[in-house]
$ cat upload34.json   # JSON, C-alpha atoms
[["chain", "number", "residue", "atom", "x", "y", "z"],
["A", 21, "MET", "CA", 144.96, 106.33, 115.64],
["A", 22, "SER", "CA", 146.59, 103.48, 113.76],
["A", 23, "PRO", "CA", 145.58, 102.78, 110.11],
["A", 24, "ALA", "CA", 144.02, 99.52, 111.27],
["A", 25, "GLN", "CA", 141.54, 101.24, 113.57],
["A", 26, "PRO", "CA", 139.42, 103.01, 110.89],
["A", 27, "ALA", "CA", 139.31, 99.77, 108.88],
["A", 28, "ARG", "CA", 138.21, 97.88, 112.00],
["A", 29, "ARG", "CA", 135.50, 100.45, 112.69],
["A", 30, "ARG", "CA", 134.24, 100.22, 109.12],
["A", 31, "SER", "CA", 134.18, 96.44, 109.38],
["A", 32, "ASP", "CA", 132.27, 96.63, 112.67],
["A", 33, "ALA", "CA", 129.80, 99.10, 111.14],
["A", 34, "VAL", "CA", 129.13, 96.79, 108.19],
["A", 35, "ALA", "CA", 128.65, 93.84, 110.54],
["A", 36, "ASN", "CA", 126.31, 95.84, 112.78],
["A", 37, "ARG", "CA", 124.17, 96.93, 109.83],
["A", 38, "ALA", "CA", 123.91, 93.34, 108.56],
["A", 39, "ALA", "CA", 122.99, 92.11, 112.05],
["A", 40, "LEU", "CA", 120.29, 94.78, 112.33],
["A", 41, "LEU", "CA", 118.81, 93.83, 108.96],
["A", 42, "ASP", "CA", 118.83, 90.14, 109.90],
["A", 43, "ALA", "CA", 117.14, 90.90, 113.23],
["A", 44, "ALA", "CA", 114.59, 93.26, 111.66],
["A", 45, "GLU", "CA", 113.73, 90.61, 109.08],
["A", 46, "ARG", "CA", 113.07, 88.05, 111.81],
["A", 47, "VAL", "CA", 111.03, 90.47, 113.91],
["A", 48, "LEU", "CA", 109.04, 91.75, 110.93],
["A", 49, "LEU", "CA", 108.03, 88.27, 109.81],
["A", 50, "ARG", "CA", 107.49, 86.93, 113.31],
["A", 51, "ASP", "CA", 105.86, 89.78, 115.22],
["A", 52, "GLY", "CA", 105.02, 92.58, 112.79],
["A", 53, "PRO", "CA", 106.46, 96.08, 112.45],
["A", 54, "ALA", "CA", 104.82, 97.46, 115.60],
["A", 55, "VAL", "CA", 107.42, 95.76, 117.83],
["A", 56, "PRO", "CA", 109.58, 98.37, 119.63],
["A", 57, "LEU", "CA", 112.86, 99.00, 117.87],
["A", 58, "ASP", "CA", 114.83, 98.22, 121.01],
["A", 59, "VAL", "CA", 113.64, 94.62, 120.52],
["A", 60, "VAL", "CA", 115.26, 94.65, 117.06],
["A", 61, "ALA", "CA", 118.47, 96.12, 118.52],
["A", 62, "ARG", "CA", 118.55, 93.57, 121.32],
["A", 63, "GLU", "CA", 117.99, 90.70, 118.90],
["A", 64, "ALA", "CA", 120.83, 92.04, 116.75],
["A", 65, "GLY", "CA", 123.13, 92.19, 119.78],
["A", 66, "VAL", "CA", 123.68, 95.96, 119.56],
["A", 67, "GLY", "CA", 122.47, 99.02, 121.40],
["A", 68, "ILE", "CA", 119.56, 101.18, 120.29],
["A", 69, "ALA", "CA", 122.01, 104.01, 119.54],
["A", 70, "THR", "CA", 123.73, 101.77, 116.98],
["A", 71, "LEU", "CA", 120.38, 101.10, 115.34],
["A", 72, "TYR", "CA", 119.68, 104.82, 114.98],
["A", 73, "ARG", "CA", 123.17, 105.46, 113.63],
["A", 74, "ASN", "CA", 122.32, 103.10, 110.78],
["A", 75, "PHE", "CA", 118.61, 103.83, 110.24],
["A", 76, "ALA", "CA", 116.82, 107.11, 110.88],
["A", 77, "ASP", "CA", 113.54, 105.47, 111.85],
["A", 78, "ARG", "CA", 111.39, 102.36, 111.66],
["A", 79, "GLU", "CA", 110.33, 103.05, 108.07],
["A", 80, "GLU", "CA", 113.89, 103.33, 106.83],
["A", 81, "LEU", "CA", 114.88, 100.12, 108.61],
["A", 82, "TYR", "CA", 112.02, 98.05, 107.26],
["A", 83, "ALA", "CA", 112.37, 99.56, 103.78],
["A", 84, "ALA", "CA", 115.96, 98.30, 103.79],
["A", 85, "VAL", "CA", 114.76, 94.82, 104.81],
["A", 86, "VAL", "CA", 112.19, 94.81, 102.01],
["A", 87, "HIS", "CA", 114.75, 95.99, 99.45],
["A", 88, "ARG", "CA", 117.13, 93.21, 100.48],
["A", 89, "SER", "CA", 114.32, 90.71, 99.89],
["A", 90, "TYR", "CA", 113.73, 92.16, 96.43],
["A", 91, "GLU", "CA", 117.44, 91.77, 95.70],
["A", 92, "LEU", "CA", 117.21, 88.07, 96.55],
["A", 93, "VAL", "CA", 114.16, 87.51, 94.32],
["A", 94, "ALA", "CA", 115.71, 89.57, 91.51],
["A", 95, "ALA", "CA", 118.84, 87.41, 91.65],
["A", 96, "LEU", "CA", 116.73, 84.25, 91.35],
["A", 97, "ALA", "CA", 114.79, 85.72, 88.42],
["A", 98, "GLN", "CA", 118.01, 86.82, 86.70],
["A", 99, "GLU", "CA", 119.42, 83.34, 87.18],
["A", 100, "ALA", "CA", 116.34, 81.92, 85.44],
["A", 101, "GLU", "CA", 116.71, 84.41, 82.58],
["A", 102, "ASP", "CA", 120.40, 83.60, 82.13],
["A", 103, "SER", "CA", 119.91, 79.84, 82.39],
["A", 104, "ALA", "CA", 120.69, 77.68, 79.39],
["A", 105, "ALA", "CA", 118.17, 75.12, 80.66],
["A", 106, "PRO", "CA", 114.79, 74.65, 78.95],
["A", 107, "PRO", "CA", 112.44, 77.48, 79.95],
["A", 108, "LEU", "CA", 110.22, 75.32, 82.18],
["A", 109, "ASP", "CA", 113.29, 74.02, 84.00],
["A", 110, "ALA", "CA", 114.54, 77.59, 84.48],
["A", 111, "LEU", "CA", 111.18, 78.57, 85.98],
["A", 112, "ALA", "CA", 111.27, 75.50, 88.21],
["A", 113, "GLY", "CA", 114.61, 76.72, 89.51],
["A", 114, "PHE", "CA", 113.09, 80.13, 90.25],
["A", 115, "LEU", "CA", 110.15, 78.71, 92.19],
["A", 116, "HIS", "CA", 112.28, 76.21, 94.09],
["A", 117, "GLY", "CA", 114.72, 79.01, 94.93],
["A", 118, "LEU", "CA", 111.89, 81.06, 96.40],
["A", 119, "LEU", "CA", 110.83, 78.09, 98.50],
["A", 120, "ALA", "CA", 114.37, 77.60, 99.77],
["A", 121, "GLU", "CA", 114.69, 81.28, 100.71],
["A", 122, "ARG", "CA", 111.15, 81.81, 102.01],
["A", 123, "HIS", "CA", 112.35, 82.57, 105.55],
["A", 124, "HIS", "CA", 114.18, 85.63, 104.18],
["A", 125, "LEU", "CA", 111.42, 87.09, 102.04],
["A", 126, "ALA", "CA", 109.89, 90.08, 103.83],
["A", 127, "LEU", "CA", 107.84, 91.46, 100.96],
["A", 128, "PRO", "CA", 104.31, 92.96, 100.95],
["A", 129, "LEU", "CA", 102.97, 90.44, 98.45],
["A", 130, "LEU", "CA", 104.64, 87.62, 100.35],
["A", 131, "GLY", "CA", 102.68, 88.32, 103.50],
["A", 132, "ALA", "CA", 104.98, 90.76, 105.27],
["A", 133, "PRO", "CA", 102.82, 92.11, 108.09],
["A", 134, "GLY", "CA", 101.87, 95.72, 108.32],
["A", 135, "PRO", "CA", 99.71, 98.07, 110.39],
["A", 136, "PRO", "CA", 97.03, 100.26, 108.73],
["A", 137, "GLY", "CA", 99.86, 102.23, 107.15],
["A", 138, "PRO", "CA", 102.56, 99.68, 106.41],
["A", 139, "PRO", "CA", 106.18, 100.83, 106.63],
["A", 140, "PHE", "CA", 106.95, 100.37, 102.98],
["A", 141, "ALA", "CA", 107.59, 102.91, 100.27],
["A", 142, "ASP", "CA", 104.63, 104.40, 98.43],
["A", 143, "GLU", "CA", 106.10, 103.24, 95.14],
["A", 144, "ALA", "CA", 107.01, 99.73, 94.08],
["A", 145, "ASP", "CA", 110.66, 98.85, 94.51],
["A", 146, "PRO", "CA", 112.39, 99.28, 91.12],
["A", 147, "LEU", "CA", 113.69, 95.75, 91.43],
["A", 148, "GLY", "CA", 110.10, 94.55, 91.05],
["A", 149, "ALA", "CA", 110.15, 95.66, 87.43],
["A", 150, "ARG", "CA", 113.46, 93.88, 86.90],
["A", 151, "ILE", "CA", 112.00, 90.67, 88.33],
["A", 152, "SER", "CA", 109.02, 90.89, 85.98],
["A", 153, "ARG", "CA", 111.26, 91.55, 82.96],
["A", 154, "SER", "CA", 113.45, 88.54, 83.72],
["A", 155, "LEU", "CA", 110.48, 86.22, 84.15],
["A", 156, "ALA", "CA", 108.81, 87.62, 81.03],
["A", 157, "ALA", "CA", 111.99, 86.88, 79.08],
["A", 158, "VAL", "CA", 111.92, 83.24, 80.18],
["A", 159, "LEU", "CA", 108.24, 82.96, 79.26],
["A", 160, "LYS", "CA", 108.89, 84.52, 75.86],
["A", 161, "ARG", "CA", 111.62, 81.99, 75.21],
["A", 162, "GLY", "CA", 109.25, 79.17, 76.16],
["A", 163, "VAL", "CA", 106.46, 80.49, 73.97],
["A", 164, "GLY", "CA", 108.95, 80.78, 71.13],
["A", 165, "ASP", "CA", 110.08, 77.17, 71.38],
["A", 166, "GLY", "CA", 106.54, 75.90, 71.88],
["A", 167, "SER", "CA", 107.03, 74.62, 75.44],
["A", 168, "ILE", "CA", 105.01, 77.26, 77.34],
["A", 169, "ARG", "CA", 101.41, 78.36, 76.79],
["A", 170, "PRO", "CA", 101.26, 81.87, 75.28],
["A", 171, "ASP", "CA", 98.80, 83.36, 77.79],
["A", 172, "ALA", "CA", 101.02, 82.86, 80.87],
["A", 173, "THR", "CA", 102.42, 86.10, 82.33],
["A", 174, "ALA", "CA", 105.18, 87.23, 84.65],
["A", 175, "ALA", "CA", 102.50, 88.37, 87.09],
["A", 176, "ASP", "CA", 101.24, 84.77, 87.25],
["A", 177, "LEU", "CA", 104.69, 83.61, 88.28],
["A", 178, "VAL", "CA", 105.19, 86.36, 90.86],
["A", 179, "VAL", "CA", 101.84, 85.61, 92.50],
["A", 180, "THR", "CA", 102.55, 81.85, 92.40],
["A", 181, "GLY", "CA", 105.93, 82.40, 94.01],
["A", 182, "ALA", "CA", 104.35, 84.62, 96.65],
["A", 183, "MET", "CA", 101.79, 82.00, 97.59],
["A", 184, "LEU", "CA", 104.37, 79.21, 97.69],
["A", 185, "ALA", "CA", 106.82, 81.21, 99.80],
["A", 186, "HIS", "CA", 104.16, 82.27, 102.32],
["A", 187, "ALA", "CA", 104.07, 79.21, 104.57],
["A", 188, "GLN", "CA", 100.60, 78.13, 105.68],
["A", 189, "LEU", "CA", 101.71, 74.99, 107.55],
["A", 190, "PRO", "CA", 104.65, 73.98, 109.75],
["A", 191, "SER", "CA", 107.88, 74.26, 107.81],
["A", 192, "GLU", "CA", 108.52, 70.63, 106.80],
["A", 193, "ALA", "CA", 104.90, 69.99, 105.86],
["A", 194, "TRP", "CA", 104.70, 73.22, 103.88],
["A", 195, "GLY", "CA", 107.91, 72.43, 102.06],
["A", 196, "ARG", "CA", 106.46, 69.16, 100.78],
["A", 197, "ALA", "CA", 103.06, 70.66, 99.95],
["A", 198, "ALA", "CA", 104.55, 73.69, 98.21],
["A", 199, "ARG", "CA", 106.92, 71.62, 96.07],
["A", 200, "ARG", "CA", 103.95, 69.56, 94.89],
["A", 201, "ILE", "CA", 101.95, 72.69, 94.09],
["A", 202, "ALA", "CA", 104.94, 74.12, 92.21],
["A", 203, "ALA", "CA", 105.07, 70.96, 90.10],
["A", 204, "LEU", "CA", 101.36, 71.27, 89.32],
["A", 205, "VAL", "CA", 101.77, 74.93, 88.32],
["A", 206, "LEU", "CA", 104.75, 74.17, 86.12],
["A", 207, "ASP", "CA", 102.82, 71.40, 84.42],
["A", 208, "GLY", "CA", 99.97, 73.86, 83.87],
["A", 209, "LEU", "CA", 102.38, 76.19, 82.07],
["A", 210, "ARG", "CA", 103.05, 73.59, 79.39],
["A", 211, "ALA", "CA", 101.71, 74.35, 75.94],
["A", 212, "ARG", "CA", 99.09, 71.83, 74.83],
["A", 213, "PRO", "CA", 96.92, 71.86, 71.72],
["A", 214, "ASP", "CA", 93.72, 71.44, 73.73],
["A", 215, "THR", "CA", 94.46, 73.94, 76.55],
["A", 216, "ALA", "CA", 91.50, 76.17, 77.46],
["A", 217, "PRO", "CA", 92.20, 79.92, 77.70],
["A", 218, "LEU", "CA", 93.02, 81.24, 81.16],
["A", 219, "PRO", "CA", 90.66, 83.64, 82.96],
["A", 220, "ASP", "CA", 91.82, 87.23, 83.38],
["A", 221, "GLY", "CA", 94.66, 87.72, 85.89],
["A", 222, "LEU", "CA", 96.59, 90.63, 87.34],
["A", 223, "THR", "CA", 98.12, 93.15, 84.99],
["A", 224, "GLY", "CA", 101.63, 94.42, 85.65],
["A", 225, "THR", "CA", 100.21, 97.71, 86.93],
["A", 226, "GLU", "CA", 97.88, 95.92, 89.33],
["A", 227, "LEU", "CA", 100.75, 93.77, 90.56],
["A", 228, "ASP", "CA", 102.80, 96.88, 91.33],
["A", 229, "ARG", "CA", 99.84, 98.38, 93.19],
["A", 230, "VAL", "CA", 99.26, 95.41, 95.48],
["A", 231, "MET", "CA", 102.94, 95.45, 96.43],
["A", 232, "THR", "CA", 102.79, 99.04, 97.69],
["A", 233, "ARG", "CA", 101.08, 100.98, 100.44],
["A", 234, "GLY", "CA", 98.48, 102.16, 97.93],
["A", 235, "ALA", "CA", 96.79, 98.78, 98.05],
["A", 236, "GLY", "CA", 97.07, 98.44, 101.78],
["A", 237, "GLY", "CA", 99.98, 96.02, 101.53],
["A", 238, "ALA", "CA", 99.54, 92.72, 103.30],
["A", 239, "THR", "CA", 97.92, 92.67, 106.68],
["A", 240, "ALA", "CA", 98.22, 89.19, 108.09],
["A", 241, "HIS", "CA", 101.20, 87.95, 110.07],
["A", 242, "ARG", "CA", 103.12, 85.09, 108.58],
["A", 243, "PRO", "CA", 102.40, 81.90, 110.57],
["A", 244, "ARG", "CA", 105.35, 80.70, 112.63],
["A", 245, "SER", "CA", 106.95, 77.60, 111.19]]
$ encode --input "upload34.json" --output "structure tokens"
Amino acid sequence: MSPAQPARRRSDAVANRAALLDAAERVLLRDGPAVPLDVVAREAGVGIATLYRNFADREELYAAVVHRSYELVAALAQEAEDSAAPPLDALAGFLHGLLAERHHLALPLLGAPGPPGPPFADEADPLGARISRSLAAVLKRGVGDGSIRPDATAADLVVTGAMLAHAQLPSEAWGRAARRIAALVLDGLRARPDTAPLPDGLTGTELDRVMTRGAGGATAHRPRS
């Protein structure tokens, strides 16, 4: 076997895994996790044996899809934390990034469909905590410079992003509606001397719980757009 052959096989394996994740993401958001895995393999352009070489079972496959979604959201949150822009502008970038990537977000809180026992891990993905920390850091910076109301929380932003990214209308219409809602939310985050206190919201612990199997996950299929 020539030295190029193992490298080619590794490259093919990486490409096959990426294709399977892309296909599983589409199937999960479109049809739900009960679709036979041979449908995922066929949509990825590989055989079912290739799927099982990469993922032991349905749960492992969909857990990998969910984790990849968390990586995307965590990167957007980290970008907001690292931004030199004013805090509200950094948060606007985060929300607009979620809207732009909404077709790739297969997360329980974002409406990823699931049967009575959804195929997600029993514990929240550790990246969820990283997302919350990054958003909390941006909020803290805004509270410190007087631009953001002090009772806003990272959980508020995560839930807002979830609702905006979960399309309820055809794609173009939802894009316009969601951008408007994002602008309203961002304006509501502004610190004002006469702002009334917010009602109680989700705690960080509650947010973790609704993003895991323990809370039943999300049950509705994402509308096609």
$ closest_residue --input "upload34.json" --among "A:Ala203, A:Gly148, A:Ala35, A:Pro107" --to "Asp165 of chain A" --atoms "all atoms listed in the file"
A:Pro107
$ atom_distance --input "upload34.json" --atom1 "atom CA of Ala43 of chain A" --atom2 "atom CA of Glu63 of chain A"
5.7 Å
$ closest_residue --input "upload34.json" --among "A:Leu40, A:Ala61, A:Leu71, A:Ala175" --to "Thr223 of chain A" --atoms "only C-alpha atoms"
A:Ala175
$ atom_distance --input "upload34.json" --atom1 "atom CA of Gly113 of chain A" --atom2 "atom CA of Gly208 of chain A"
15.9 Å
$ atom_distance --input "upload34.json" --atom1 "atom CA of Ile168 of chain A" --atom2 "atom CA of Ala197 of chain A"
23.6 Å
$ closest_residue --input "upload34.json" --among "A:Ala95, A:Leu108, A:Leu147, A:Ala198" --to "Leu184 of chain A" --atoms "only C-alpha atoms"
A:Ala198
$ closest_residue --input "upload34.json" --among "A:Pro170, A:Gly181, A:Pro56, A:Gly67" --to "Ala216 of chain A" --atoms "all atoms listed in the file"
A:Pro170
$ residues_around --input "upload34.json" --residues "Leu41 of chain A" --least-positions-apart "4" --cutoff "9 Å" --atoms "only C-alpha atoms" --output "CSV table (one decimal) with C-alpha atoms, keeping the file's coordinate frame"
chain,number,residue,atom,x,y,z
A,36,ASN,CA,126.3,95.8,112.8
A,37,ARG,CA,124.2,96.9,109.8
A,45,GLU,CA,113.7,90.6,109.1
A,46,ARG,CA,113.1,88.0,111.8
A,60,VAL,CA,115.3,94.6,117.1
A,64,ALA,CA,120.8,92.0,116.8
A,81,LEU,CA,114.9,100.1,108.6
A,82,TYR,CA,112.0,98.0,107.3
A,84,ALA,CA,116.0,98.3,103.8
A,85,VAL,CA,114.8,94.8,104.8
A,88,ARG,CA,117.1,93.2,100.5
$ residues_around --input "upload34.json" --residues "segment 153-158 of chain A" --least-positions-apart "5" --cutoff "8 Å" --atoms "all atoms listed in the file" --output "PyMOL selection string"
chain A and resi 97-98+100-101+107+110-111+173-174+177
$ closest_atom_pairs --input "upload34.json" --of "segment 158-201 of chain A" --to "segment 117-122 of chain A" --cutoff "12 Å" --atoms "all atoms listed in the file" --output "JSON lines"
{"residue": "A:Leu177", "atom": "CA", "partner": "A:Leu118", "partner_atom": "CA", "distance": 11.1}
{"residue": "A:Val178", "atom": "CA", "partner": "A:Leu118", "partner_atom": "CA", "distance": 10.2}
{"residue": "A:Val179", "atom": "CA", "partner": "A:Leu118", "partner_atom": "CA", "distance": 11.7}
{"residue": "A:Thr180", "atom": "CA", "partner": "A:Leu118", "partner_atom": "CA", "distance": 10.2}
{"residue": "A:Gly181", "atom": "CA", "partner": "A:Leu118", "partner_atom": "CA", "distance": 6.6}
{"residue": "A:Ala182", "atom": "CA", "partner": "A:Leu118", "partner_atom": "CA", "distance": 8.3}
{"residue": "A:Met183", "atom": "CA", "partner": "A:Leu119", "partner_atom": "CA", "distance": 9.9}
{"residue": "A:Leu184", "atom": "CA", "partner": "A:Leu119", "partner_atom": "CA", "distance": 6.6}
{"residue": "A:Ala185", "atom": "CA", "partner": "A:Arg122", "partner_atom": "CA", "distance": 4.9}
{"residue": "A:His186", "atom": "CA", "partner": "A:Arg122", "partner_atom": "CA", "distance": 7.0}
{"residue": "A:Ala187", "atom": "CA", "partner": "A:Arg122", "partner_atom": "CA", "distance": 8.0}
{"residue": "A:Gln188", "atom": "CA", "partner": "A:Arg122", "partner_atom": "CA", "distance": 11.8}
{"residue": "A:Ser191", "atom": "CA", "partner": "A:Arg122", "partner_atom": "CA", "distance": 10.1}
{"residue": "A:Glu192", "atom": "CA", "partner": "A:Leu119", "partner_atom": "CA", "distance": 11.4}
{"residue": "A:Trp194", "atom": "CA", "partner": "A:Leu119", "partner_atom": "CA", "distance": 9.5}
{"residue": "A:Gly195", "atom": "CA", "partner": "A:Leu119", "partner_atom": "CA", "distance": 7.3}
{"residue": "A:Arg196", "atom": "CA", "partner": "A:Leu119", "partner_atom": "CA", "distance": 10.2}
{"residue": "A:Ala197", "atom": "CA", "partner": "A:Leu119", "partner_atom": "CA", "distance": 10.8}
{"residue": "A:Ala198", "atom": "CA", "partner": "A:Leu119", "partner_atom": "CA", "distance": 7.7}
{"residue": "A:Arg199", "atom": "CA", "partner": "A:Leu119", "partner_atom": "CA", "distance": 7.9}
{"residue": "A:Arg200", "atom": "CA", "partner": "A:Leu119", "partner_atom": "CA", "distance": 11.5}
{"residue": "A:Ile201", "atom": "CA", "partner": "A:Leu119", "partner_atom": "CA", "distance": 11.3}
$ decode --input "upload34.json" --residues "segment 57-78 of chain A" --atoms "N, CA, C and O atoms" --output "short mmCIF file (atom, residue, chain, number, x, y, z; two decimals), in the first residue's frame"
data_model
loop_
_atom_site.label_atom_id
_atom_site.label_comp_id
_atom_site.auth_asym_id
_atom_site.auth_seq_id
_atom_site.Cartn_x
_atom_site.Cartn_y
_atom_site.Cartn_z
N LEU A 57 -32.41 5.06 9.86
CA LEU A 57 -31.06 5.56 9.63
C LEU A 57 -30.59 5.35 8.20
O LEU A 57 -29.69 6.05 7.74
N ASP A 58 -31.19 4.39 7.48
CA ASP A 58 -30.78 4.24 6.09
C ASP A 58 -31.18 5.45 5.26
O ASP A 58 -30.57 5.74 4.23
N VAL A 59 -32.21 6.20 5.72
CA VAL A 59 -32.57 7.45 5.05
C VAL A 59 -31.44 8.47 5.23
O VAL A 59 -31.08 9.19 4.29
N VAL A 60 -30.89 8.54 6.44
CA VAL A 60 -29.76 9.44 6.70
C VAL A 60 -28.58 9.07 5.83
O VAL A 60 -27.95 9.92 5.20
N ALA A 61 -28.27 7.75 5.79
CA ALA A 61 -27.13 7.29 4.97
C ALA A 61 -27.34 7.63 3.50
O ALA A 61 -26.43 8.12 2.83
N ARG A 62 -28.55 7.38 3.01
CA ARG A 62 -28.83 7.65 1.61
C ARG A 62 -28.71 9.14 1.30
O ARG A 62 -28.15 9.55 0.28
N GLU A 63 -29.21 9.97 2.21
CA GLU A 63 -29.12 11.41 2.00
C GLU A 63 -27.68 11.89 2.05
O GLU A 63 -27.32 12.88 1.41
N ALA A 64 -26.84 11.18 2.81
CA ALA A 64 -25.42 11.54 2.89
C ALA A 64 -24.63 10.99 1.71
O ALA A 64 -23.45 11.34 1.53
N GLY A 65 -25.24 10.10 0.92
CA GLY A 65 -24.55 9.53 -0.23
C GLY A 65 -23.59 8.41 0.14
O GLY A 65 -22.62 8.15 -0.59
N VAL A 66 -23.85 7.75 1.28
CA VAL A 66 -23.00 6.63 1.71
C VAL A 66 -23.88 5.44 2.05
O VAL A 66 -25.11 5.55 2.14
N GLY A 67 -23.26 4.30 2.27
CA GLY A 67 -23.99 3.11 2.65
C GLY A 67 -24.26 3.07 4.15
O GLY A 67 -23.58 3.76 4.93
N ILE A 68 -25.22 2.26 4.55
CA ILE A 68 -25.55 2.16 5.97
C ILE A 68 -24.38 1.63 6.78
O ILE A 68 -24.20 2.00 7.94
N ALA A 69 -23.53 0.78 6.16
CA ALA A 69 -22.36 0.26 6.87
C ALA A 69 -21.40 1.39 7.23
O ALA A 69 -20.79 1.39 8.31
N THR A 70 -21.27 2.37 6.33
CA THR A 70 -20.41 3.53 6.62
C THR A 70 -20.97 4.32 7.80
O THR A 70 -20.21 4.81 8.64
N LEU A 71 -22.30 4.45 7.84
CA LEU A 71 -22.90 5.16 8.98
C LEU A 71 -22.53 4.46 10.28
O LEU A 71 -22.11 5.12 11.25
N TYR A 72 -22.66 3.14 10.32
CA TYR A 72 -22.40 2.42 11.57
C TYR A 72 -20.91 2.34 11.89
O TYR A 72 -20.54 2.11 13.04
N ARG A 73 -20.05 2.53 10.90
CA ARG A 73 -18.62 2.61 11.21
C ARG A 73 -18.30 3.91 11.94
O ARG A 73 -17.34 4.00 12.70
N ASN A 74 -19.11 4.93 11.70
CA ASN A 74 -18.87 6.23 12.32
C ASN A 74 -19.65 6.44 13.61
O ASN A 74 -19.19 7.15 14.52
N PHE A 75 -20.86 5.86 13.69
CA PHE A 75 -21.73 6.09 14.84
C PHE A 75 -22.35 4.76 15.26
O PHE A 75 -22.92 4.05 14.42
N ALA A 76 -22.24 4.44 16.54
CA ALA A 76 -22.70 3.14 17.02
C ALA A 76 -24.21 2.96 16.88
O ALA A 76 -24.69 1.86 16.62
N ASP A 77 -24.95 4.08 17.05
CA ASP A 77 -26.41 3.97 17.00
C ASP A 77 -27.00 5.36 16.76
O ASP A 77 -26.29 6.36 16.63
N ARG A 78 -28.31 5.40 16.72
CA ARG A 78 -29.04 6.64 16.47
C ARG A 78 -28.69 7.71 17.51
O ARG A 78 -28.50 8.88 17.18
#
